[in-house]
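File shown: protein_5.txt. Contents: compact mmCIF, C-alpha atoms and all ligand atoms.
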# COMPACT_ATOMS: atom_id res chain seq x y z
CA MET A 1 155.54 10.51 86.17
CA GLU A 2 154.06 11.50 89.50
CA ARG A 3 152.34 8.70 91.28
CA LYS A 4 148.54 8.67 91.18
CA LEU A 5 147.97 8.00 94.84
CA VAL A 6 144.18 8.26 94.81
CA SER A 7 141.91 7.55 91.87
CA PRO A 8 138.43 6.33 90.92
CA VAL A 9 138.66 2.67 89.88
CA VAL A 10 136.52 -0.28 88.90
CA ILE A 11 136.65 -3.16 91.35
CA ASP A 12 137.83 -6.13 89.29
CA ASP A 13 136.94 -8.89 91.72
CA VAL A 14 135.72 -9.65 95.24
CA GLN A 15 136.34 -13.02 96.87
CA PRO A 16 135.81 -14.54 100.33
CA ILE A 17 138.75 -15.10 102.68
CA GLU A 18 138.91 -18.60 104.11
CA GLY A 19 137.93 -18.67 107.75
CA ALA A 20 136.88 -15.00 107.82
CA ASP A 21 133.21 -14.03 108.17
CA LEU A 22 133.44 -10.26 108.32
CA ILE A 23 135.98 -9.43 105.63
CA GLU A 24 136.68 -10.28 102.02
CA VAL A 25 139.42 -9.55 99.49
CA ALA A 26 138.99 -7.13 96.59
CA THR A 27 141.19 -6.90 93.49
CA VAL A 28 141.94 -3.54 91.87
CA LYS A 29 144.37 -3.81 88.93
CA GLY A 30 147.25 -5.83 90.40
CA TRP A 31 146.45 -4.89 93.99
CA LYS A 32 144.68 -6.99 96.62
CA LEU A 33 143.06 -5.45 99.61
CA VAL A 34 140.84 -6.47 102.46
CA THR A 35 137.39 -4.89 102.63
CA LYS A 36 134.35 -5.23 104.90
CA LYS A 37 132.09 -8.03 103.71
CA GLY A 38 129.33 -6.76 101.43
CA GLU A 39 130.72 -3.24 101.14
CA PHE A 40 131.83 -3.60 97.52
CA LYS A 41 131.00 -5.92 94.67
CA THR A 42 132.71 -6.72 91.37
CA GLY A 43 132.18 -3.90 88.85
CA ASP A 44 131.50 -1.21 91.45
CA HIS A 45 133.26 2.10 91.15
CA ALA A 46 135.19 3.20 94.23
CA VAL A 47 138.00 5.53 95.21
CA TYR A 48 141.25 3.63 95.61
CA CYS A 49 144.07 5.01 97.79
CA GLU A 50 147.45 3.35 97.19
CA ILE A 51 149.92 2.47 99.91
CA ASP A 52 151.96 5.53 101.05
CA SER A 53 148.84 7.72 100.93
CA PHE A 54 148.81 10.14 103.87
CA LEU A 55 145.16 10.94 104.57
CA PRO A 56 144.13 14.10 106.43
CA VAL A 57 142.62 14.02 109.91
CA LYS A 58 138.92 14.32 109.03
CA GLU A 59 135.84 12.72 110.50
CA GLU A 60 135.38 10.38 107.52
CA PHE A 61 138.86 8.90 108.00
CA GLU A 62 138.75 8.52 111.80
CA PHE A 63 138.22 4.77 111.42
CA LEU A 64 141.89 4.63 110.36
CA ARG A 65 143.22 6.19 113.57
CA LYS A 66 143.91 2.96 115.39
CA SER A 67 145.78 1.27 112.53
CA SER A 68 147.35 4.20 110.71
CA TYR A 69 147.77 7.40 112.77
CA ARG A 70 151.17 8.92 112.05
CA LYS A 71 152.95 12.26 112.11
CA MET A 72 154.88 13.51 109.10
CA GLY A 73 156.98 16.33 110.54
CA GLU A 74 154.43 18.43 112.39
CA GLN A 75 151.55 17.22 110.28
CA GLU A 76 149.14 14.60 111.61
CA GLY A 77 147.45 12.11 109.35
CA PHE A 78 146.79 8.49 108.51
CA ARG A 79 149.44 6.61 106.59
CA LEU A 80 148.47 3.60 104.48
CA LYS A 81 150.93 0.72 104.72
CA THR A 82 151.01 -2.86 103.54
CA MET A 83 149.20 -5.07 106.06
CA LYS A 84 148.23 -8.68 106.48
CA MET A 85 144.84 -9.74 107.88
CA ARG A 86 143.89 -13.38 108.38
CA GLY A 87 146.84 -14.32 106.20
CA GLN A 88 145.65 -12.05 103.37
CA ILE A 89 147.94 -9.25 102.20
CA SER A 90 146.14 -5.90 102.01
CA GLN A 91 147.53 -2.90 100.17
CA GLY A 92 145.71 0.40 100.13
CA LEU A 93 142.15 1.45 100.88
CA LEU A 94 138.86 1.49 98.99
CA LEU A 95 136.44 4.29 99.79
CA PRO A 96 132.87 4.73 98.56
CA ILE A 97 132.67 6.74 95.33
CA GLY A 98 130.15 9.02 97.07
CA LEU A 99 133.07 10.64 98.84
CA LEU A 100 133.65 12.59 95.62
CA ASP A 101 130.37 14.48 96.27
CA GLY A 102 128.92 14.00 92.79
CA TYR A 103 132.05 15.20 90.97
CA THR A 104 132.11 13.86 87.36
CA TYR A 105 135.29 11.85 87.52
CA GLN A 106 137.27 9.95 84.91
CA LEU A 107 138.40 6.48 85.92
CA GLY A 108 142.09 6.57 86.79
CA GLU A 109 142.36 10.33 87.25
CA ASP A 110 144.28 11.54 90.27
CA VAL A 111 141.81 12.86 92.85
CA SER A 112 144.24 13.02 95.77
CA ALA A 113 144.05 16.83 96.04
CA ARG A 114 140.23 16.72 96.25
CA LEU A 115 140.44 14.45 99.27
CA GLY A 116 143.41 16.24 100.82
CA VAL A 117 145.64 13.17 100.46
CA ILE A 118 149.39 13.63 100.03
CA LYS A 119 152.28 11.17 99.82
CA TYR A 120 153.83 9.95 103.04
CA GLU A 121 157.56 10.72 102.91
CA PRO A 122 159.92 9.77 105.73
CA PRO A 123 162.20 12.54 107.03
CA ILE A 124 165.42 13.13 105.03
CA PRO A 125 168.68 13.07 107.03
CA ALA A 126 170.70 16.32 106.75
CA ALA A 127 173.59 14.66 104.89
CA LEU A 128 171.19 13.62 102.11
CA GLY A 129 169.48 17.00 101.91
CA GLY A 130 171.86 19.81 101.05
CA ILE A 131 171.54 23.18 99.44
CA ALA A 132 169.92 23.37 96.03
CA LYS A 133 171.81 24.97 93.19
CA GLY A 134 168.65 24.53 91.19
CA LEU A 135 165.83 22.18 90.37
CA PHE A 136 166.55 18.87 88.73
CA PRO A 137 167.86 19.82 85.23
CA SER A 138 165.38 19.33 82.42
CA PHE A 139 167.96 17.90 79.99
CA MET A 140 167.69 14.46 81.63
CA PRO A 141 164.90 12.41 83.25
CA LYS A 142 164.48 11.91 86.99
CA THR A 143 164.89 8.37 88.24
CA ASP A 144 161.63 6.50 88.77
CA GLU A 145 160.03 3.10 88.31
CA GLU A 146 156.35 2.20 87.97
CA ARG A 147 154.91 -0.51 90.19
CA ILE A 148 153.96 -3.68 88.32
CA GLN A 149 150.58 -3.72 90.10
CA ASN A 150 149.65 -0.59 88.15
CA LEU A 151 150.67 -2.21 84.85
CA SER A 152 148.61 -5.37 85.33
CA ALA A 153 146.67 -4.66 82.11
CA ASP A 154 149.96 -5.06 80.20
CA TYR A 155 151.18 -8.15 82.03
CA GLU A 156 150.10 -10.71 79.41
CA GLN A 157 151.78 -8.71 76.65
CA PHE A 158 154.97 -8.36 78.74
CA ARG A 159 155.17 -12.15 78.88
CA HIS A 160 156.30 -12.14 75.23
CA HIS A 161 159.41 -10.10 76.08
CA THR A 162 162.84 -10.98 77.40
CA PHE A 163 164.02 -8.99 80.38
CA TYR A 164 167.00 -8.44 82.60
CA VAL A 165 166.50 -8.37 86.33
CA THR A 166 168.36 -6.30 88.89
CA GLU A 167 168.02 -6.14 92.64
CA LYS A 168 166.24 -3.01 93.78
CA LEU A 169 168.45 -1.40 96.40
CA ASP A 170 167.03 0.47 99.35
CA GLY A 171 169.06 3.65 99.31
CA SER A 172 168.78 7.13 97.87
CA SER A 173 168.72 8.08 94.20
CA VAL A 174 171.66 10.04 92.80
CA THR A 175 172.37 11.46 89.34
CA PHE A 176 175.78 12.65 88.18
CA TYR A 177 175.93 14.60 84.94
CA PHE A 178 178.51 16.18 82.72
CA ASN A 179 176.89 18.57 80.27
CA GLU A 180 178.52 21.29 78.13
CA GLY A 181 181.52 21.36 80.43
CA ASN A 182 179.53 21.45 83.69
CA PHE A 183 179.56 18.68 86.26
CA GLY A 184 176.64 18.31 88.64
CA VAL A 185 175.34 16.06 91.41
CA CYS A 186 171.59 15.66 91.91
CA SER A 187 169.48 14.02 94.54
CA ARG A 188 166.04 12.75 93.56
CA ASN A 189 164.61 16.22 92.85
CA LEU A 190 167.41 18.78 93.19
CA ASP A 191 170.69 19.87 91.61
CA LEU A 192 172.96 20.16 94.67
CA GLU A 193 175.49 22.82 95.55
CA GLU A 194 178.94 21.28 96.11
CA SER A 195 179.53 20.60 99.81
CA ALA A 196 181.92 18.55 101.93
CA GLU A 197 179.05 17.46 104.21
CA ASN A 198 176.75 16.12 101.54
CA SER A 199 176.90 12.32 101.07
CA PHE A 200 176.19 12.47 97.32
CA TRP A 201 179.02 14.94 96.73
CA LYS A 202 181.36 12.96 98.99
CA VAL A 203 180.91 9.89 96.82
CA ALA A 204 181.35 11.96 93.65
CA ILE A 205 184.70 13.19 94.93
CA LYS A 206 185.85 9.85 96.31
CA GLU A 207 185.06 8.08 93.02
CA GLN A 208 186.37 10.98 90.88
CA ILE A 209 183.17 10.96 88.92
CA ALA A 210 183.57 14.47 87.45
CA GLU A 211 186.96 13.57 85.97
CA LYS A 212 185.73 10.22 84.69
CA LEU A 213 182.66 11.68 82.98
CA ALA A 214 184.65 14.56 81.48
CA ALA A 215 187.11 12.05 80.01
CA THR A 216 184.36 10.40 77.96
CA GLY A 217 184.06 13.59 75.90
CA LYS A 218 180.25 13.14 75.85
CA ASN A 219 177.35 14.94 77.46
CA LEU A 220 176.32 12.16 79.78
CA ALA A 221 174.37 11.37 82.93
CA ILE A 222 174.74 8.28 85.11
CA GLN A 223 172.15 7.41 87.73
CA GLY A 224 172.44 5.10 90.69
CA GLU A 225 171.52 4.31 94.24
CA LEU A 226 173.58 5.63 97.16
CA ILE A 227 173.71 3.02 99.90
CA GLY A 228 175.55 2.71 103.20
CA GLU A 229 175.83 4.49 106.52
CA GLY A 230 173.15 7.05 107.15
CA VAL A 231 171.04 5.95 104.17
CA GLN A 232 167.70 4.21 104.83
CA GLY A 233 169.04 2.62 108.01
CA ASN A 234 171.91 0.95 106.09
CA PRO A 235 170.25 -2.48 105.81
CA TYR A 236 173.35 -3.89 104.09
CA GLY A 237 175.59 -3.01 107.05
CA LEU A 238 178.17 -1.20 104.89
CA ARG A 239 180.96 1.02 106.18
CA GLY A 240 180.84 4.47 104.62
CA GLN A 241 178.82 4.95 101.46
CA THR A 242 178.94 3.71 97.94
CA VAL A 243 176.89 4.04 94.78
CA LYS A 244 175.64 1.31 92.44
CA PHE A 245 174.46 2.43 89.02
CA PHE A 246 171.32 1.46 87.09
CA ASN A 247 171.14 4.03 84.23
CA ALA A 248 173.35 5.79 81.74
CA TYR A 249 171.74 8.52 79.66
CA ASP A 250 172.98 10.20 76.51
CA ILE A 251 172.01 13.86 76.98
CA ASP A 252 172.50 14.87 73.32
CA GLU A 253 170.57 11.90 71.93
CA ARG A 254 167.98 12.18 74.72
CA MET A 255 168.17 8.42 75.17
CA TYR A 256 169.00 5.88 77.83
CA PHE A 257 171.74 3.42 77.00
CA GLY A 258 170.52 -0.12 76.33
CA LEU A 259 171.77 -2.86 78.64
CA ASN A 260 175.00 -3.70 76.85
CA GLU A 261 176.17 -0.13 76.30
CA PHE A 262 175.18 0.69 79.88
CA LYS A 263 177.23 -2.17 81.33
CA ALA A 264 180.19 -1.31 79.12
CA MET A 265 180.04 2.36 80.08
CA ILE A 266 179.85 1.76 83.84
CA ALA A 267 182.69 -0.77 83.66
CA SER A 268 184.88 1.55 81.58
CA LEU A 269 184.38 4.28 84.19
CA GLY A 270 185.58 1.85 86.87
CA LEU A 271 182.18 2.01 88.61
CA GLN A 272 179.69 -0.64 89.69
CA THR A 273 176.17 -1.49 88.58
CA VAL A 274 173.35 -2.59 90.84
CA PRO A 275 173.39 -6.39 91.24
CA ILE A 276 172.30 -8.02 87.98
CA LEU A 277 170.40 -11.21 88.84
CA ASP A 278 169.32 -12.46 85.42
CA LEU A 279 170.06 -11.40 81.84
CA ASN A 280 167.56 -13.59 80.02
CA TYR A 281 164.36 -13.57 82.00
CA THR A 282 160.75 -14.22 81.02
CA LEU A 283 157.85 -13.47 83.32
CA PRO A 284 155.99 -16.24 85.17
CA ALA A 285 152.37 -17.03 84.25
CA SER A 286 150.85 -14.71 86.84
CA LEU A 287 151.57 -11.50 88.65
CA ASP A 288 151.00 -13.31 91.95
CA GLU A 289 153.88 -15.65 91.12
CA LEU A 290 156.10 -12.71 90.19
CA LEU A 291 155.33 -11.07 93.54
CA THR A 292 156.45 -14.22 95.34
CA ILE A 293 159.67 -14.30 93.31
CA ALA A 294 160.41 -10.71 94.38
CA ASP A 295 160.79 -11.88 98.00
CA GLY A 296 164.29 -13.00 98.82
CA ALA A 297 167.61 -12.27 100.43
CA SER A 298 169.63 -9.31 99.21
CA VAL A 299 172.84 -10.28 97.43
CA LEU A 300 174.37 -7.47 99.49
CA SER A 301 173.45 -9.22 102.78
CA PRO A 302 176.41 -9.00 105.15
CA GLN A 303 178.27 -12.23 106.03
CA GLY A 304 176.25 -14.47 108.31
CA LYS A 305 173.06 -12.43 108.05
CA SER A 306 170.19 -12.52 105.63
CA VAL A 307 168.70 -9.15 104.73
CA GLU A 308 165.29 -9.08 103.06
CA ARG A 309 165.73 -7.40 99.67
CA GLU A 310 163.52 -4.45 98.72
CA GLY A 311 162.55 -6.13 95.48
CA LEU A 312 163.40 -6.32 91.80
CA VAL A 313 163.60 -3.92 88.89
CA ILE A 314 162.77 -5.67 85.63
CA ARG A 315 163.63 -4.18 82.24
CA SER A 316 163.54 -5.19 78.61
CA THR A 317 167.00 -5.35 77.06
CA ASP A 318 166.32 -2.19 75.01
CA ARG A 319 165.11 -0.58 78.27
CA LYS A 320 161.78 0.45 76.71
CA ILE A 321 159.85 -1.49 79.35
CA SER A 322 160.87 -0.98 82.98
CA PHE A 323 159.04 -1.58 86.24
CA LYS A 324 159.60 -2.46 89.88
CA VAL A 325 158.32 -5.42 91.81
CA ILE A 326 158.59 -4.55 95.47
CA SER A 327 158.79 -7.50 97.83
CA ASN A 328 155.68 -7.79 99.98
CA LYS A 329 157.82 -9.36 102.72
CA PHE A 330 159.95 -6.22 102.66
CA LEU A 331 156.86 -3.98 102.76
CA LEU A 332 155.37 -5.89 105.70
CA ASN A 333 158.53 -5.19 107.73
CA GLU A 334 158.58 -1.51 106.84
CA ARG A 335 158.19 0.94 109.69
P1 LIG A 401 157.07 5.71 94.71
O1 LIG A 401 156.98 6.64 93.54
O2 LIG A 401 156.65 4.31 94.36
O3 LIG A 401 156.37 6.24 95.90
P2 LIG A 401 159.80 6.34 94.68
O4 LIG A 401 159.67 6.63 93.22
O5 LIG A 401 160.03 7.49 95.56
O6 LIG A 401 158.55 5.55 95.19
P3 LIG A 401 161.27 3.85 94.85
O7 LIG A 401 160.10 3.05 95.31
O8 LIG A 401 162.54 3.65 95.58
O9 LIG A 401 161.03 5.39 94.90
O10 LIG A 401 161.45 3.41 93.32
C1 LIG A 401 162.21 4.05 92.32
C2 LIG A 401 163.68 4.22 92.69
O11 LIG A 401 164.32 2.98 92.88
C3 LIG A 401 164.53 4.87 91.64
O12 LIG A 401 164.37 6.25 91.65
C4 LIG A 401 165.94 4.46 92.09
O13 LIG A 401 166.48 5.47 92.90
C5 LIG A 401 165.72 3.23 92.94
N1 LIG A 401 166.43 2.00 92.59
C6 LIG A 401 167.03 1.18 93.48
N2 LIG A 401 167.54 0.10 92.90
C7 LIG A 401 167.26 0.22 91.58
C8 LIG A 401 167.52 -0.62 90.45
N3 LIG A 401 168.13 -1.80 90.58
N4 LIG A 401 167.11 -0.19 89.24
C9 LIG A 401 166.46 0.99 89.10
N5 LIG A 401 166.17 1.82 90.14
C10 LIG A 401 166.57 1.43 91.36
MN MN A 402 157.99 6.96 91.88
MN MN A 403 163.82 3.93 97.13
Could you rewrite the structure in this file as structure tokens?
Amino acid sequence: MERKLVSPVVIDDVQPIEGADLIEVATVKGWKLVTKKGEFKTGDHAVYCEIDSFLPVKEEFEFLRKSSYRKMGEQEGFRLKTMKMRGQISQGLLLPIGLLDGYTYQLGEDVSARLGVIKYEPPIPAALGGIAKGLFPSFMPKTDEERIQNLSADYEQFRHHTFYVTEKLDGSSVTFYFNEGNFGVCSRNLDLEESAENSFWKVAIKEQIAEKLAATGKNLAIQGELIGEGVQGNPYGLRGQTVKFFNAYDIDERMYFGLNEFKAMIASLGLQTVPILDLNYTLPASLDELLTIADGASVLSPQGKSVEREGLVIRSTDRKISFKVISNKFLLNER
């Protein structure tokens, strides 16, 4: 599902910040953000812009220039990032509901287009771009994970489930499929033309993924994260590139494999999964605690160096529940 970057919300709580006279902290779903004292109160409606919103250069957003001015390609705008003020983490922006000019909104609807807000996307290196053979095929889902902060209403219910936890790797999504005799390699949104320059195709060839998938005799997709040189600044300091898998999908049954079948499939193909950190996990009492647990060193940290991990992906064993918990420490270091 596309991310709802900007939506009308109810403010769930407003609390003072110790030692701060001019600001306070508001809660919206699982998000905390710093606001001007007295600007909002519990129960108010407001327009909430999530982190990664790229706001247009307009008079009403000029107050963001100093903290958030950024170019995305040729386009100028204001990019919302995770920040810390007076020791308080702040994620996103609350705007007065009046900005919607009397529009009859539904709570939670995406109003980004109305405000001219788009998603901030960093530039894609050429080796991860490539020429499209087509759009992402409709016979399998794109890779995606919802943020736990947007599922806070379900948190209590999730506490009754048992989960497995994997490290979220900071790379680039790749899908390999074998369907009705055709092999394909897809980036996040595109089915890519074969090319010797493209990093996703290079890995496919090096790991003989076409041959391996064909040998299963099934219509199958496997999805993973490409990491290494030239990908997201290669935080893990790898030589070359490699892929670590997090999904297997049965195209005919239109179903993801559950954990055990997934692990067995990836192992039988001679491939690797993303790091599995826990196979029998229950959630801590609060979302705040879970966010603290997401901070930590990557298990892929190179020898003698500790790399902040991007976060965790937490899934129920049957894979019906799945979400990401991004480390706030990681987000605070993000450029
Ligand atoms: P957003 O929609 O929040 O702006 P995004 O969807 O573009 O961000 P990410 O924040 O990277 O991307 O989150 C989802 C992606 O995480 C998946 O598409 C997948 O490529 C990647 N990923 C990395 N590690 C894992 C993992 N262990 N399990 C599942 N997905 C993973
Ligand atoms: Mn997403
Ligand atoms: Mn990512």
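One distance worth recording is that between atom MN of ligand MN 403 (chain A) and atom CA of Asp318 of chain A, which is 23.1 Å.
Between ligand MN 402 (chain A) and the residues A:Ile222, A:Leu279, A:Ile148, A:Cys49, the shortest atom-to-atom distance, using all atoms listed in the file, involves A:Ile148.
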Checklist entry - Can you tell me how far atom CA of Thr162 of chain A sits from atom CA of Leu271 of chain A, in Å to one decimal? => result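 Pair atom CA of Thr162 of chain A / atom CA of Leu271 of chain A returns 25.9 Å.
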Fewer than 6 positions away in the same chain doesn't count, so skip those; otherwise give me all residues within 10 Å of Ala127 of chain A, counting all atoms listed in the file, as a PDB file with C-alpha atoms, in the frame of the given file.
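Result saved to result.pdb:
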ATOM      1  CA  SER A 195     179.530  20.600  99.810  1.00  0.00           C
ATOM      2  CA  ALA A 196     181.920  18.550 101.930  1.00  0.00           C
ATOM      3  CA  GLU A 197     179.050  17.460 104.210  1.00  0.00           C
ATOM      4  CA  ASN A 198     176.750  16.120 101.540  1.00  0.00           C
ATOM      5  CA  SER A 199     176.900  12.320 101.070  1.00  0.00           C
ATOM      6  CA  PHE A 200     176.190  12.470  97.320  1.00  0.00           C
ATOM      7  CA  TRP A 201     179.020  14.940  96.730  1.00  0.00           C
ATOM      8  CA  LYS A 202     181.360  12.960  98.990  1.00  0.00           C
ATOM      9  CA  GLY A 230     173.150   7.050 107.150  1.00  0.00           C
ATOM     10  CA  VAL A 231     171.040   5.950 104.170  1.00  0.00           C
TER      11      VAL A 231
END
Item to check | Residue among A:Ile205, A:Gly237, A:Leu99, A:Arg159 lying closest to Lys305 of chain A, counting only C-alpha atoms | outcome: A:Gly237
Next on the checklist: Just want the 12 Å neighbourhood of Tyr249 of chain A, counted on all atoms listed in the file, with same-chain residues fewer than 2 positions away dropped. Output as JSON, numbers by chain.
Outcome noted: {"A": [139, 140, 141, 142, 143, 175, 176, 177, 178, 179, 213, 218, 219, 220, 221, 222, 223, 224, 245, 246, 247, 251, 252, 253, 254, 255, 256, 257, 258, 259, 261, 262, 265, 266, 319]}
Could those selected residues go to a file with C-alpha atoms, as a PDB file, keeping the file's coordinate frame?
ATOM      1  CA  PHE A 139     167.960  17.900  79.990  1.00  0.00           C
ATOM      2  CA  MET A 140     167.690  14.460  81.630  1.00  0.00           C
ATOM      3  CA  PRO A 141     164.900  12.410  83.250  1.00  0.00           C
ATOM      4  CA  LYS A 142     164.480  11.910  86.990  1.00  0.00           C
ATOM      5  CA  THR A 143     164.890   8.370  88.240  1.00  0.00           C
ATOM      6  CA  THR A 175     172.370  11.460  89.340  1.00  0.00           C
ATOM      7  CA  PHE A 176     175.780  12.650  88.180  1.00  0.00           C
ATOM      8  CA  TYR A 177     175.930  14.600  84.940  1.00  0.00           C
ATOM      9  CA  PHE A 178     178.510  16.180  82.720  1.00  0.00           C
ATOM     10  CA  ASN A 179     176.890  18.570  80.270  1.00  0.00           C
ATOM     11  CA  LEU A 213     182.660  11.680  82.980  1.00  0.00           C
ATOM     12  CA  LYS A 218     180.250  13.140  75.850  1.00  0.00           C
ATOM     13  CA  ASN A 219     177.350  14.940  77.460  1.00  0.00           C
ATOM     14  CA  LEU A 220     176.320  12.160  79.780  1.00  0.00           C
ATOM     15  CA  ALA A 221     174.370  11.370  82.930  1.00  0.00           C
ATOM     16  CA  ILE A 222     174.740   8.280  85.110  1.00  0.00           C
ATOM     17  CA  GLN A 223     172.150   7.410  87.730  1.00  0.00           C
ATOM     18  CA  GLY A 224     172.440   5.100  90.690  1.00  0.00           C
ATOM     19  CA  PHE A 245     174.460   2.430  89.020  1.00  0.00           C
ATOM     20  CA  PHE A 246     171.320   1.460  87.090  1.00  0.00           C
ATOM     21  CA  ASN A 247     171.140   4.030  84.230  1.00  0.00           C
ATOM     22  CA  ILE A 251     172.010  13.860  76.980  1.00  0.00           C
ATOM     23  CA  ASP A 252     172.500  14.870  73.320  1.00  0.00           C
ATOM     24  CA  GLU A 253     170.570  11.900  71.930  1.00  0.00           C
ATOM     25  CA  ARG A 254     167.980  12.180  74.720  1.00  0.00           C
ATOM     26  CA  MET A 255     168.170   8.420  75.170  1.00  0.00           C
ATOM     27  CA  TYR A 256     169.000   5.880  77.830  1.00  0.00           C
ATOM     28  CA  PHE A 257     171.740   3.420  77.000  1.00  0.00           C
ATOM     29  CA  GLY A 258     170.520  -0.120  76.330  1.00  0.00           C
ATOM     30  CA  LEU A 259     171.770  -2.860  78.640  1.00  0.00           C
ATOM     31  CA  GLU A 261     176.170  -0.130  76.300  1.00  0.00           C
ATOM     32  CA  PHE A 262     175.180   0.690  79.880  1.00  0.00           C
ATOM     33  CA  MET A 265     180.040   2.360  80.080  1.00  0.00           C
ATOM     34  CA  ILE A 266     179.850   1.760  83.840  1.00  0.00           C
ATOM     35  CA  ARG A 319     165.110  -0.580  78.270  1.00  0.00           C
TER      36      ARG A 319
END
Each residue of chain A with at least one atom at most 10 Å from ligand MN 402 (chain A) should appear once, together with its nearest atom pair and the corresponding distance in Å (one decimal); atoms considered: all atoms listed in the file; ordering: chain, then increasing residue number; output as CSV.
residue,atom,partner,partner_atom,distance
A:Met1,CA,A:MN402,MN,7.2
A:Glu2,CA,A:MN402,MN,6.5
A:Arg3,CA,A:MN402,MN,5.9
A:Lys4,CA,A:MN402,MN,9.6
A:Lys142,CA,A:MN402,MN,9.5
A:Thr143,CA,A:MN402,MN,7.9
A:Asp144,CA,A:MN402,MN,4.8
A:Glu145,CA,A:MN402,MN,5.6
A:Glu146,CA,A:MN402,MN,6.4
A:Arg147,CA,A:MN402,MN,8.3
A:Lys324,CA,A:MN402,MN,9.8
Next on the checklist: Rounded to one decimal, what separation in Å do you get between atom CA of Pro125 of chain A and atom CA of Asn234 of chain A?
Outcome noted: 12.6 Å
Item to check | Among the residues A:Gly77, A:Pro235, A:Gly92, A:Gly116, the one that comes closest to Gly30 of chain A [using all atoms listed in the file] | outcome: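 For Gly30 of chain A, the nearest of the candidates is A:Gly92.
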Next on the checklist: Would you pick out the contacts of segment 31-42 of chain A at 7 Å or less, using all atoms listed in the file, so that residues sharing its chain but fewer than 5 positions from it are not included, and give the list as a VMD selection string?
Outcome noted: chain A and resid 11 to 14 22 to 26 89 to 92 149
Which residues are near ligand MN 403 (chain A) - at most 8 Å, using only C-alpha atoms and all ligand atoms? Format: as a short mmCIF file (atom, residue, chain, number, x, y, z; two decimals) with C-alpha atoms, in the frame of the given file.
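This went into selection.cif:
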data_model
loop_
_atom_site.label_atom_id
_atom_site.label_comp_id
_atom_site.auth_asym_id
_atom_site.auth_seq_id
_atom_site.Cartn_x
_atom_site.Cartn_y
_atom_site.Cartn_z
CA LEU A 169 168.45 -1.40 96.40
CA ASP A 170 167.03 0.47 99.35
CA GLY A 171 169.06 3.65 99.31
CA SER A 172 168.78 7.13 97.87
CA SER A 173 168.72 8.08 94.20
#
Item to check | Distance criterion (all atoms listed in the file): nearest to ligand LIG 401 (chain A) out of A:Gln303, A:Ser53, A:Thr104, A:Asn333 | outcome: A:Ser53
What are the centre and the three edge lengths of an axis-aligned box that wraps all atoms of segment 147-165 of chain A in the file, given that 5 Å is added to every side, written as AutoDock Vina command-line options and rounded to one decimal in Å?
--center_x 156.8 --center_y -6.3 --center_z 82.7 --size_x 30.3 --size_y 21.6 --size_z 25.0
